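Below is my_file-v9.pdb, which holds PDB, C-alpha atoms, pLDDT in the B column.
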ATOM      1  CA  MET G 196     187.903 104.682 126.691  1.00 68.00           C
ATOM      2  CA  ASN G 197     189.865 101.735 125.341  1.00 84.00           C
ATOM      3  CA  ALA G 198     188.394  98.254 125.378  1.00 92.00           C
ATOM      4  CA  LEU G 199     190.228  95.587 127.361  1.00 96.00           C
ATOM      5  CA  SER G 200     190.379  92.005 126.118  1.00 96.00           C
ATOM      6  CA  THR G 201     189.383  89.184 128.444  1.00 97.00           C
ATOM      7  CA  THR G 202     187.838  85.714 128.436  1.00 97.00           C
ATOM      8  CA  PHE G 203     184.637  84.119 129.623  1.00 98.00           C
ATOM      9  CA  LEU G 204     185.229  81.747 132.550  1.00 98.00           C
ATOM     10  CA  ARG G 205     181.913  80.313 133.699  1.00 98.00           C
ATOM     11  CA  ARG G 206     178.219  80.891 134.264  1.00 97.00           C
ATOM     12  CA  GLU G 207     176.102  80.109 137.307  1.00 97.00           C
ATOM     13  CA  GLU G 208     172.372  80.340 137.939  1.00 97.00           C
ATOM     14  CA  VAL G 209     171.692  82.720 140.833  1.00 97.00           C
ATOM     15  CA  ALA G 210     167.876  82.831 140.636  1.00 97.00           C
ATOM     16  CA  ARG G 211     165.060  81.692 138.380  1.00 95.00           C
ATOM     17  CA  GLY G 212     165.870  83.056 134.922  1.00 94.00           C
ATOM     18  CA  THR G 213     168.916  84.920 136.209  1.00 96.00           C
ATOM     19  CA  ALA G 214     172.573  84.056 135.640  1.00 97.00           C
ATOM     20  CA  ALA G 215     175.878  85.401 136.907  1.00 98.00           C
ATOM     21  CA  PHE G 216     178.784  85.482 134.457  1.00 98.00           C
ATOM     22  CA  HIS G 217     182.407  85.235 135.573  1.00 98.00           C
ATOM     23  CA  ILE G 218     185.078  86.733 133.327  1.00 98.00           C
ATOM     24  CA  GLY G 219     188.803  87.258 133.687  1.00 98.00           C
ATOM     25  CA  LYS G 220     190.062  90.494 135.223  1.00 98.00           C
ATOM     26  CA  PRO G 221     192.464  92.192 132.792  1.00 96.00           C
ATOM     27  CA  ALA G 222     195.757  93.446 134.181  1.00 94.00           C
ATOM     28  CA  GLY G 223     195.356  96.933 135.565  1.00 91.00           C
ATOM     29  CA  PHE G 224     191.554  96.880 135.728  1.00 96.00           C
ATOM     30  CA  ARG G 225     190.279  98.693 138.819  1.00 96.00           C
ATOM     31  CA  HIS G 226     186.771  99.583 139.899  1.00 97.00           C
ATOM     32  CA  LYS G 227     184.966 101.056 142.884  1.00 97.00           C
ATOM     33  CA  PRO G 228     182.155  99.070 144.521  1.00 98.00           C
ATOM     34  CA  GLY G 229     178.874 100.001 142.848  1.00 97.00           C
ATOM     35  CA  GLN G 230     180.312 100.824 139.429  1.00 97.00           C
ATOM     36  CA  ALA G 231     179.410  99.285 136.069  1.00 96.00           C
ATOM     37  CA  LEU G 232     181.143  98.206 132.875  1.00 96.00           C
ATOM     38  CA  ASP G 233     180.270  97.540 129.242  1.00 96.00           C
ATOM     39  CA  VAL G 234     180.574  93.922 128.095  1.00 97.00           C
ATOM     40  CA  ILE G 235     181.231  93.650 124.365  1.00 97.00           C
ATOM     41  CA  LEU G 236     180.575  90.377 122.551  1.00 95.00           C
ATOM     42  CA  PRO G 237     181.488  89.410 118.989  1.00 81.00           C
ATOM     43  CA  GLY G 238     178.604  90.199 116.622  1.00 69.00           C
ATOM     44  CA  ALA G 239     176.247  87.438 115.562  1.00 52.00           C
ATOM     45  CA  GLY G 240     175.486  87.812 111.876  1.00 45.00           C
ATOM     46  CA  ALA G 241     175.084  90.927 109.746  1.00 40.00           C
ATOM     47  CA  GLY G 242     173.089  93.880 110.971  1.00 45.00           C
ATOM     48  CA  ALA G 243     172.705  97.631 110.962  1.00 41.00           C
ATOM     49  CA  GLY G 244     176.026  99.402 111.143  1.00 45.00           C
ATOM     50  CA  ALA G 245     178.069  96.372 110.094  1.00 43.00           C
ATOM     51  CA  GLY G 246     180.924  96.923 107.697  1.00 48.00           C
ATOM     52  CA  ALA G 247     181.499  94.698 104.715  1.00 46.00           C
ATOM     53  CA  GLY G 248     182.174  91.208 105.976  1.00 50.00           C
ATOM     54  CA  LYS G 249     182.202  92.366 109.576  1.00 52.00           C
ATOM     55  CA  ALA G 250     179.449  91.651 112.102  1.00 53.00           C
ATOM     56  CA  PRO G 251     178.405  94.412 114.519  1.00 62.00           C
ATOM     57  CA  GLU G 252     179.522  94.423 118.110  1.00 72.00           C
ATOM     58  CA  LEU G 253     176.989  93.480 120.741  1.00 91.00           C
ATOM     59  CA  ARG G 254     177.306  95.712 123.793  1.00 94.00           C
ATOM     60  CA  HIS G 255     175.482  95.957 127.121  1.00 94.00           C
ATOM     61  CA  THR G 256     176.161  97.825 130.355  1.00 94.00           C
ATOM     62  CA  PHE G 257     176.103  95.790 133.580  1.00 96.00           C
ATOM     63  CA  SER G 258     176.657  96.678 137.203  1.00 96.00           C
ATOM     64  CA  ILE G 259     179.641  94.808 138.598  1.00 98.00           C
ATOM     65  CA  VAL G 260     178.633  92.233 141.209  1.00 98.00           C
ATOM     66  CA  SER G 261     182.161  91.393 142.333  1.00 98.00           C
ATOM     67  CA  ALA G 262     184.069  93.525 144.822  1.00 98.00           C
ATOM     68  CA  PRO G 263     187.454  95.062 143.942  1.00 97.00           C
ATOM     69  CA  HIS G 264     189.397  92.480 145.979  1.00 97.00           C
ATOM     70  CA  GLU G 265     187.984  89.515 144.028  1.00 98.00           C
ATOM     71  CA  ALA G 266     190.145  87.825 141.395  1.00 97.00           C
ATOM     72  CA  GLU G 267     187.361  87.659 138.775  1.00 98.00           C
ATOM     73  CA  ILE G 268     184.850  90.146 137.415  1.00 98.00           C
ATOM     74  CA  VAL G 269     181.245  89.054 137.897  1.00 98.00           C
ATOM     75  CA  PHE G 270     178.060  90.536 136.464  1.00 98.00           C
ATOM     76  CA  ALA G 271     174.515  89.167 136.462  1.00 97.00           C
ATOM     77  CA  THR G 272     171.437  89.538 134.311  1.00 96.00           C
ATOM     78  CA  ARG G 273     167.958  88.227 133.619  1.00 93.00           C
ATOM     79  CA  MET G 274     168.158  85.941 130.602  1.00 93.00           C
ATOM     80  CA  ARG G 275     165.771  87.481 128.063  1.00 89.00           C
ATOM     81  CA  ASP G 276     165.220  86.462 124.451  1.00 89.00           C
ATOM     82  CA  SER G 277     167.362  89.089 122.736  1.00 90.00           C
ATOM     83  CA  GLU G 278     170.302  88.736 120.346  1.00 92.00           C
ATOM     84  CA  TYR G 279     172.688  89.923 123.035  1.00 94.00           C
ATOM     85  CA  LYS G 280     171.375  87.571 125.723  1.00 93.00           C
ATOM     86  CA  ARG G 281     171.302  84.605 123.333  1.00 94.00           C
ATOM     87  CA  THR G 282     174.925  85.257 122.369  1.00 95.00           C
ATOM     88  CA  LEU G 283     175.930  85.758 125.992  1.00 96.00           C
ATOM     89  CA  GLY G 284     174.177  82.576 127.075  1.00 95.00           C
ATOM     90  CA  ALA G 285     175.922  80.546 124.363  1.00 95.00           C
ATOM     91  CA  LEU G 286     179.455  81.514 125.423  1.00 96.00           C
ATOM     92  CA  GLN G 287     181.764  78.636 126.210  1.00 96.00           C
ATOM     93  CA  PRO G 288     184.644  78.807 128.728  1.00 97.00           C
ATOM     94  CA  GLY G 289     187.645  80.440 127.112  1.00 97.00           C
ATOM     95  CA  ALA G 290     185.590  82.524 124.673  1.00 97.00           C
ATOM     96  CA  ALA G 291     187.022  85.963 123.920  1.00 96.00           C
ATOM     97  CA  LEU G 292     185.185  89.175 124.758  1.00 96.00           C
ATOM     98  CA  SER G 293     186.007  92.767 125.640  1.00 96.00           C
ATOM     99  CA  ILE G 294     185.066  95.175 128.400  1.00 97.00           C
ATOM    100  CA  GLU G 295     185.074  98.952 128.743  1.00 96.00           C
ATOM    101  CA  GLY G 296     184.903 100.784 132.035  1.00 94.00           C
ATOM    102  CA  PRO G 297     184.434 101.142 134.829  1.00 96.00           C
ATOM    103  CA  SER G 298     181.701 103.782 134.786  1.00 94.00           C
ATOM    104  CA  GLY G 299     178.814 104.978 136.887  1.00 90.00           C
ATOM    105  CA  SER G 300     178.333 106.842 140.138  1.00 84.00           C
ATOM    106  CA  MET G 301     176.361 104.376 142.292  1.00 92.00           C
ATOM    107  CA  THR G 302     179.200 104.490 144.788  1.00 96.00           C
ATOM    108  CA  LEU G 303     179.027 104.936 148.539  1.00 97.00           C
ATOM    109  CA  HIS G 304     178.910 108.385 150.131  1.00 96.00           C
ATOM    110  CA  SER G 305     182.034 109.413 152.016  1.00 95.00           C
ATOM    111  CA  ASP G 306     180.532 110.214 155.443  1.00 96.00           C
ATOM    112  CA  SER G 307     180.633 106.844 157.216  1.00 96.00           C
ATOM    113  CA  ALA G 308     178.576 108.221 160.120  1.00 96.00           C
ATOM    114  CA  ARG G 309     175.550 108.373 157.812  1.00 97.00           C
ATOM    115  CA  PRO G 310     173.861 104.998 157.210  1.00 97.00           C
ATOM    116  CA  ALA G 311     173.294 103.697 153.690  1.00 98.00           C
ATOM    117  CA  VAL G 312     169.777 102.474 152.894  1.00 98.00           C
ATOM    118  CA  PHE G 313     169.710 100.350 149.738  1.00 98.00           C
ATOM    119  CA  ILE G 314     166.370  99.775 147.953  1.00 97.00           C
ATOM    120  CA  ALA G 315     166.521  97.123 145.220  1.00 96.00           C
ATOM    121  CA  GLY G 316     163.902  95.653 142.921  1.00 93.00           C
ATOM    122  CA  GLY G 317     164.794  92.358 141.240  1.00 92.00           C
ATOM    123  CA  ILE G 318     168.052  92.470 139.302  1.00 93.00           C
ATOM    124  CA  GLY G 319     168.647  95.956 140.733  1.00 94.00           C
ATOM    125  CA  ILE G 320     170.451  94.114 143.521  1.00 97.00           C
ATOM    126  CA  THR G 321     173.665  93.859 141.460  1.00 96.00           C
ATOM    127  CA  PRO G 322     175.499  97.092 142.418  1.00 97.00           C
ATOM    128  CA  PHE G 323     174.650  96.505 146.080  1.00 98.00           C
ATOM    129  CA  MET G 324     176.320  93.093 145.968  1.00 98.00           C
ATOM    130  CA  SER G 325     179.647  94.719 145.144  1.00 98.00           C
ATOM    131  CA  LEU G 326     179.157  97.358 147.846  1.00 98.00           C
ATOM    132  CA  LEU G 327     178.228  94.775 150.487  1.00 98.00           C
ATOM    133  CA  ARG G 328     180.923  92.268 149.536  1.00 98.00           C
ATOM    134  CA  HIS G 329     183.427  95.079 149.911  1.00 98.00           C
ATOM    135  CA  ALA G 330     181.928  96.093 153.264  1.00 98.00           C
ATOM    136  CA  VAL G 331     182.224  92.505 154.527  1.00 97.00           C
ATOM    137  CA  GLN G 332     185.836  92.312 153.330  1.00 97.00           C
ATOM    138  CA  GLU G 333     186.639  95.613 155.081  1.00 96.00           C
ATOM    139  CA  ARG G 334     184.590  94.735 158.188  1.00 96.00           C
ATOM    140  CA  ALA G 335     182.904  98.101 157.823  1.00 96.00           C
ATOM    141  CA  ALA G 336     181.254  99.663 160.854  1.00 95.00           C
ATOM    142  CA  ARG G 337     178.906 101.857 158.796  1.00 96.00           C
ATOM    143  CA  ILE G 338     175.201 100.959 159.125  1.00 97.00           C
ATOM    144  CA  PHE G 339     173.779  99.304 155.996  1.00 98.00           C
ATOM    145  CA  VAL G 340     170.119  98.456 155.448  1.00 98.00           C
ATOM    146  CA  LEU G 341     168.892  96.639 152.332  1.00 98.00           C
ATOM    147  CA  LEU G 342     165.233  96.489 151.323  1.00 97.00           C
ATOM    148  CA  TYR G 343     165.021  93.881 148.557  1.00 97.00           C
ATOM    149  CA  SER G 344     161.768  93.268 146.661  1.00 95.00           C
ATOM    150  CA  ASN G 345     161.017  90.259 144.443  1.00 95.00           C
ATOM    151  CA  ARG G 346     157.958  88.327 143.318  1.00 94.00           C
ATOM    152  CA  ALA G 347     159.065  85.118 145.066  1.00 94.00           C
ATOM    153  CA  PRO G 348     162.185  83.712 146.762  1.00 94.00           C
ATOM    154  CA  ASP G 349     163.191  81.770 143.644  1.00 94.00           C
ATOM    155  CA  ASP G 350     163.387  85.098 141.792  1.00 95.00           C
ATOM    156  CA  ALA G 351     165.658  86.732 144.388  1.00 96.00           C
ATOM    157  CA  ALA G 352     169.241  86.637 143.116  1.00 97.00           C
ATOM    158  CA  PHE G 353     171.954  86.224 145.765  1.00 98.00           C
ATOM    159  CA  LEU G 354     169.409  85.881 148.587  1.00 97.00           C
ATOM    160  CA  ALA G 355     171.377  83.187 150.444  1.00 97.00           C
ATOM    161  CA  GLU G 356     174.576  85.235 150.246  1.00 98.00           C
ATOM    162  CA  LEU G 357     172.767  88.313 151.554  1.00 98.00           C
ATOM    163  CA  ARG G 358     171.520  86.321 154.522  1.00 97.00           C
ATOM    164  CA  ASP G 359     175.109  85.286 155.214  1.00 97.00           C
ATOM    165  CA  PHE G 360     176.101  88.956 155.192  1.00 98.00           C
ATOM    166  CA  GLU G 361     173.840  89.561 158.195  1.00 96.00           C
ATOM    167  CA  ARG G 362     175.968  87.080 160.126  1.00 95.00           C
ATOM    168  CA  LEU G 363     179.299  88.332 158.804  1.00 96.00           C
ATOM    169  CA  LEU G 364     178.589  92.068 159.056  1.00 97.00           C
ATOM    170  CA  PRO G 365     176.871  93.069 162.312  1.00 95.00           C
ATOM    171  CA  SER G 366     176.103  96.560 160.970  1.00 96.00           C
ATOM    172  CA  PHE G 367     174.041  95.129 158.071  1.00 98.00           C
ATOM    173  CA  ARG G 368     170.291  94.437 158.096  1.00 97.00           C
ATOM    174  CA  LEU G 369     168.347  92.701 155.309  1.00 97.00           C
ATOM    175  CA  ILE G 370     164.617  93.142 154.737  1.00 97.00           C
ATOM    176  CA  ALA G 371     163.573  90.867 151.861  1.00 97.00           C
ATOM    177  CA  THR G 372     159.939  91.195 150.831  1.00 96.00           C
ATOM    178  CA  MET G 373     157.967  89.132 148.299  1.00 96.00           C
ATOM    179  CA  THR G 374     155.016  90.432 146.290  1.00 94.00           C
ATOM    180  CA  ASN G 375     153.527  87.210 144.901  1.00 93.00           C
ATOM    181  CA  VAL G 376     154.266  84.266 147.156  1.00 90.00           C
ATOM    182  CA  ASN G 377     152.470  81.480 148.995  1.00 86.00           C
ATOM    183  CA  PRO G 378     152.576  82.285 152.742  1.00 82.00           C
ATOM    184  CA  ALA G 379     153.130  78.573 153.369  1.00 82.00           C
ATOM    185  CA  VAL G 380     156.589  78.790 151.785  1.00 84.00           C
ATOM    186  CA  TRP G 381     157.614  82.328 152.789  1.00 90.00           C
ATOM    187  CA  HIS G 382     157.430  83.524 156.362  1.00 89.00           C
ATOM    188  CA  GLY G 383     159.046  86.919 155.870  1.00 90.00           C
ATOM    189  CA  PRO G 384     157.610  90.294 154.826  1.00 92.00           C
ATOM    190  CA  THR G 385     155.234  90.411 151.860  1.00 93.00           C
ATOM    191  CA  GLY G 386     153.990  93.185 149.615  1.00 92.00           C
ATOM    192  CA  LYS G 387     155.725  96.075 147.930  1.00 92.00           C
ATOM    193  CA  ILE G 388     158.140  98.435 149.629  1.00 94.00           C
ATOM    194  CA  ASP G 389     155.948 101.329 150.724  1.00 94.00           C
ATOM    195  CA  ALA G 390     155.957 104.454 152.872  1.00 95.00           C
ATOM    196  CA  ARG G 391     155.097 102.535 156.040  1.00 94.00           C
ATOM    197  CA  LEU G 392     157.968 100.085 155.651  1.00 94.00           C
ATOM    198  CA  LEU G 393     160.447 102.772 154.640  1.00 94.00           C
ATOM    199  CA  GLY G 394     159.327 105.020 157.465  1.00 92.00           C
ATOM    200  CA  ASP G 395     159.718 102.239 160.032  1.00 93.00           C
ATOM    201  CA  ILE G 396     163.233 101.530 158.769  1.00 90.00           C
ATOM    202  CA  ALA G 397     164.407 105.128 158.470  1.00 88.00           C
ATOM    203  CA  ARG G 398     162.956 106.560 161.659  1.00 89.00           C
ATOM    204  CA  PRO G 399     165.720 105.357 164.026  1.00 93.00           C
ATOM    205  CA  LEU G 400     168.575 106.018 161.567  1.00 95.00           C
ATOM    206  CA  PRO G 401     170.718 109.178 161.846  1.00 95.00           C
ATOM    207  CA  SER G 402     170.492 111.070 158.525  1.00 95.00           C
ATOM    208  CA  PRO G 403     170.635 108.133 156.086  1.00 97.00           C
ATOM    209  CA  VAL G 404     171.484 108.330 152.397  1.00 97.00           C
ATOM    210  CA  TYR G 405     169.192 106.311 150.092  1.00 97.00           C
ATOM    211  CA  TYR G 406     170.190 104.309 147.011  1.00 97.00           C
ATOM    212  CA  VAL G 407     167.452 103.018 144.685  1.00 97.00           C
ATOM    213  CA  THR G 408     167.977 100.610 141.770  1.00 94.00           C
ATOM    214  CA  GLY G 409     165.604  98.540 139.659  1.00 90.00           C
ATOM    215  CA  PRO G 410     163.092  98.885 136.812  1.00 89.00           C
ATOM    216  CA  PRO G 411     162.202 102.495 135.898  1.00 92.00           C
ATOM    217  CA  GLY G 412     158.667 102.274 137.298  1.00 91.00           C
ATOM    218  CA  MET G 413     159.896 100.972 140.634  1.00 91.00           C
ATOM    219  CA  VAL G 414     162.653 103.595 140.874  1.00 94.00           C
ATOM    220  CA  GLY G 415     160.219 106.402 140.125  1.00 94.00           C
ATOM    221  CA  ALA G 416     157.739 105.108 142.693  1.00 94.00           C
ATOM    222  CA  MET G 417     160.404 104.843 145.400  1.00 95.00           C
ATOM    223  CA  ARG G 418     161.674 108.353 144.745  1.00 95.00           C
ATOM    224  CA  GLY G 419     158.092 109.561 145.148  1.00 95.00           C
ATOM    225  CA  VAL G 420     157.698 107.676 148.428  1.00 95.00           C
ATOM    226  CA  LEU G 421     160.961 109.098 149.769  1.00 96.00           C
ATOM    227  CA  GLU G 422     159.931 112.610 148.772  1.00 95.00           C
ATOM    228  CA  GLY G 423     156.660 112.080 150.629  1.00 95.00           C
ATOM    229  CA  LEU G 424     158.621 111.067 153.704  1.00 94.00           C
ATOM    230  CA  GLY G 425     160.504 114.356 153.567  1.00 94.00           C
ATOM    231  CA  VAL G 426     163.809 112.960 152.302  1.00 95.00           C
ATOM    232  CA  ALA G 427     165.827 115.650 150.515  1.00 95.00           C
ATOM    233  CA  ASP G 428     166.578 114.991 146.845  1.00 95.00           C
ATOM    234  CA  ASP G 429     170.321 115.325 147.532  1.00 95.00           C
ATOM    235  CA  ASP G 430     170.046 112.332 149.884  1.00 96.00           C
ATOM    236  CA  VAL G 431     168.661 110.001 147.203  1.00 97.00           C
ATOM    237  CA  ARG G 432     170.765 108.348 144.502  1.00 96.00           C
ATOM    238  CA  SER G 433     169.085 106.173 141.894  1.00 94.00           C
ATOM    239  CA  GLU G 434     169.804 104.098 138.827  1.00 90.00           C
ATOM    240  CA  GLU G 435     167.204 102.698 136.432  1.00 87.00           C
ATOM    241  CA  PHE G 436     167.825  99.281 134.884  1.00 79.00           C
ATOM    242  CA  PHE G 437     166.599  98.977 131.293  1.00 65.00           C
ATOM    243  CA  GLY G 438     166.482  95.797 129.247  1.00 54.00           C
ATOM    244  CA  TYR G 439     167.453  93.430 132.053  1.00 53.00           C
TER     245      TYR G 439
END
In structure tokens, write the structure found in this file.
Amino acid sequence: MNALSTTFLRREEVARGTAAFHIGKPAGFRHKPGQALDVILPGAGAGAGAGAGKAPELRHTFSIVSAPHEAEIVFATRMRDSEYKRTLGALQPGAALSIEGPSGSMTLHSDSARPAVFIAGGIGITPFMSLLRHAVQERAARIFVLLYSNRAPDDAAFLAELRDFERLLPSFRLIATMTNVNPAVWHGPTGKIDARLLGDIARPLPSPVYYVTGPPGMVGAMRGVLEGLGVADDDVRSEEFFGY
């Protein structure tokens, strides 16, 4: 797959310690909601695999936050102390970078009569943003339910936008739950997503398909919960986020 050249446009904070990066969309670039791409930055200094006088490429795979109709490509990440994240965070508007993709299969099932139940932990929300932005743009009638778990509201990327989606898309329901929050500042659900919550959500839905994204431990736990609820493995799609 050939790399496409583009430029960095701007950065915005979307949660505590989490930033969204806007880059130009190269001519001819197309993606499906839920897909990912590799973002390739110029190398920073010498390192393993570098040729003489040439710094290594820095590469990371990100789910695409933006929907296909949007003019820019957007991805988001937790800002950790790694060489890649330091280089990414130091980009100035107009800086050159490259992308490869799209890739990935976290795309929506074709049978619109079957609801989609999204289960996201932390930055695992990113592929669902593209799917839901597209659904809003298309005024989709399919039932969407999102269970979104974070430690606290300040950690929940895109929470305000997701709340707007409930108003803009009547077929969408958001259940945001916090695991470590002062009840005085959060009046919604608390605690982890568990079998009781999932069972209450799924019971009235006609044959839903489940999508699970987040840290590996969370994804594994949710697959176990769904199995315990009798959900067939073919009706669960998951993606583990490493190094976010």
**Study point:** Residue with smallest distance to Ser300 of chain G - pool G:Ser258, G:Ala214, G:Leu354, G:Phe367, counting all atoms listed in the file
**Key:**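 Of G:Ser258, G:Ala214, G:Leu354, G:Phe367, the one nearest Ser300 of chain G, counting all atoms listed in the file, is G:Ser258.
Picked out by the PyMOL selection byres ((chain G and resi 338) around 8) when it runs on this file: Arg309, Pro310, Ala311, Ala336, Arg337, Phe339, Val340, Ser366 and Phe367 of chain G.
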Would you put the residues from that selection into a file with C-alpha atoms, as a PDB file, in the coordinates of the input?
ATOM      1  CA  ARG G 309     175.550 108.373 157.812  1.00 97.00           C
ATOM      2  CA  PRO G 310     173.861 104.998 157.210  1.00 97.00           C
ATOM      3  CA  ALA G 311     173.294 103.697 153.690  1.00 98.00           C
ATOM      4  CA  ALA G 336     181.254  99.663 160.854  1.00 95.00           C
ATOM      5  CA  ARG G 337     178.906 101.857 158.796  1.00 96.00           C
ATOM      6  CA  PHE G 339     173.779  99.304 155.996  1.00 98.00           C
ATOM      7  CA  VAL G 340     170.119  98.456 155.448  1.00 98.00           C
ATOM      8  CA  SER G 366     176.103  96.560 160.970  1.00 96.00           C
ATOM      9  CA  PHE G 367     174.041  95.129 158.071  1.00 98.00           C
TER      10      PHE G 367
END
Review point. In Å to one decimal, how far is atom CA of Phe353 of chain G from atom CA of Val209 of chain G?
Key: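 Calculated distance between atom CA of Val209 of chain G and atom CA of Phe353 of chain G is 6.1 Å.
The smallest atom-to-atom distance between Gly394 of chain G and any of G:Val376, G:Ala335, G:Leu421, G:Val407, using all atoms listed in the file, is found for G:Leu421.
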Point to revise | Which of G:Leu232, G:Leu204, G:Leu326, G:Met301 sits closest to Leu286 of chain G [using only C-alpha atoms] | key: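 So, comparing all the options, the nearest one is G:Leu204.
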Point to revise | Selection dump of the PyMOL selection byres ((chain G and resi 343) around 12), as a VMD selection string | key: chain G and resid 312 to 321 323 to 324 340 to 342 344 to 348 350 to 354 357 to 358 368 to 374 383 to 389 392 to 393 406 to 409 413
Check your understanding: Could you spell out the hits of the PyMOL selection byres ((chain G and resi 282) around 12) on the shown file, as a list in words?
Key ->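 Taken on the displayed file, the PyMOL selection byres ((chain G and resi 282) around 12) yields the residues Val234, Ile235, Leu236, Pro237, Gly238, Ala239, Gly240, Glu252, Leu253, Arg254, His255, Met274, Arg275, Asp276, Ser277, Glu278, Tyr279, Lys280, Arg281, Leu283, Gly284, Ala285, Leu286, Gln287, Ala290 and Leu292 of chain G.
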Review point. Mind listing as a list in words all residues within 12 Å of (194.8, 82.4, 141.3), counting only C-alpha atoms?
Key: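 The distance filter leaves exactly Gly219, Lys220, Glu265, Ala266 and Glu267 of chain G.
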Write out, as a compact mmCIF listing (two decimals), in the frame of the given file, the residues just selected, with C-alpha atoms.
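Contents of the output file part_13.txt:
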# COMPACT_ATOMS: atom_id res chain seq x y z
CA GLY G 219 188.80 87.26 133.69
CA LYS G 220 190.06 90.49 135.22
CA GLU G 265 187.98 89.52 144.03
CA ALA G 266 190.14 87.82 141.40
CA GLU G 267 187.36 87.66 138.78
**Study point:** Within 8 Å of Val260 of chain G using all atoms listed in the file, minus same-chain residues under 4 positions, as a ChimeraX atom specification
**Key:** /G:229,268-271,321-325
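Distances here use all atoms listed in the file; by that measure, the residue among G:His217, G:His264, G:Pro228, G:Glu435 closest to Gly412 of chain G is G:Glu435.
With all atoms listed in the file as the atoms that count, the residue of G:Val426, G:Gly419, G:His329, G:Arg225 with the shortest distance to Leu303 of chain G is G:His329.
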Point to revise | Interatomic distance (Å, one decimal) between atom CA of Asp306 of chain G and atom CA of Ala390 of chain G | key: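 So the answer is 25.4 Å.
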Practice item. Identify which of the residues G:Ala198, G:Ala379, G:Ala210, G:Val404 lies closest to Ala355 of chain G, counting all atoms listed in the file when measuring atom-to-atom distances. Key: G:Ala210
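Distance-wise, atom CA of Glu434 of chain G and atom CA of Tyr405 of chain G end up 11.5 Å apart.
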Using the structure just given, write a file holding C-alpha atoms for segment 280-312 of chain G, as a short mmCIF file (atom, residue, chain, number, x, y, z; two decimals), in the first residue's frame.
data_model
loop_
_atom_site.label_atom_id
_atom_site.label_comp_id
_atom_site.auth_asym_id
_atom_site.auth_seq_id
_atom_site.Cartn_x
_atom_site.Cartn_y
_atom_site.Cartn_z
CA LYS G 280 3.54 10.90 20.87
CA ARG G 281 6.17 13.55 21.64
CA THR G 282 6.82 14.02 17.92
CA LEU G 283 3.11 14.08 17.15
CA GLY G 284 2.42 16.60 19.90
CA ALA G 285 5.17 18.91 18.63
CA LEU G 286 3.79 19.18 15.09
CA GLN G 287 3.08 22.68 13.87
CA PRO G 288 0.37 23.58 11.33
CA GLY G 289 1.63 22.89 7.83
CA ALA G 290 4.02 20.13 8.90
CA ALA G 291 4.38 17.28 6.40
CA LEU G 292 3.41 13.71 7.22
CA SER G 293 2.17 10.62 5.41
CA ILE G 294 -0.71 8.20 5.80
CA GLU G 295 -1.36 4.65 4.65
CA GLY G 296 -4.78 3.05 4.54
CA PRO G 297 -7.55 2.72 5.13
CA SER G 298 -7.54 -0.65 6.89
CA GLY G 299 -9.53 -2.58 9.44
CA SER G 300 -12.88 -4.30 9.62
CA MET G 301 -14.68 -2.47 12.45
CA THR G 302 -17.37 -1.54 9.96
CA LEU G 303 -21.12 -1.80 10.33
CA HIS G 304 -22.99 -5.01 9.51
CA SER G 305 -25.16 -4.88 6.41
CA ASP G 306 -28.53 -5.92 7.90
CA SER G 307 -30.02 -2.59 9.02
CA ALA G 308 -32.88 -4.38 10.80
CA ARG G 309 -30.39 -5.62 13.40
CA PRO G 310 -29.39 -2.99 16.00
CA ALA G 311 -25.74 -2.15 16.61
CA VAL G 312 -24.61 -2.15 20.25
#
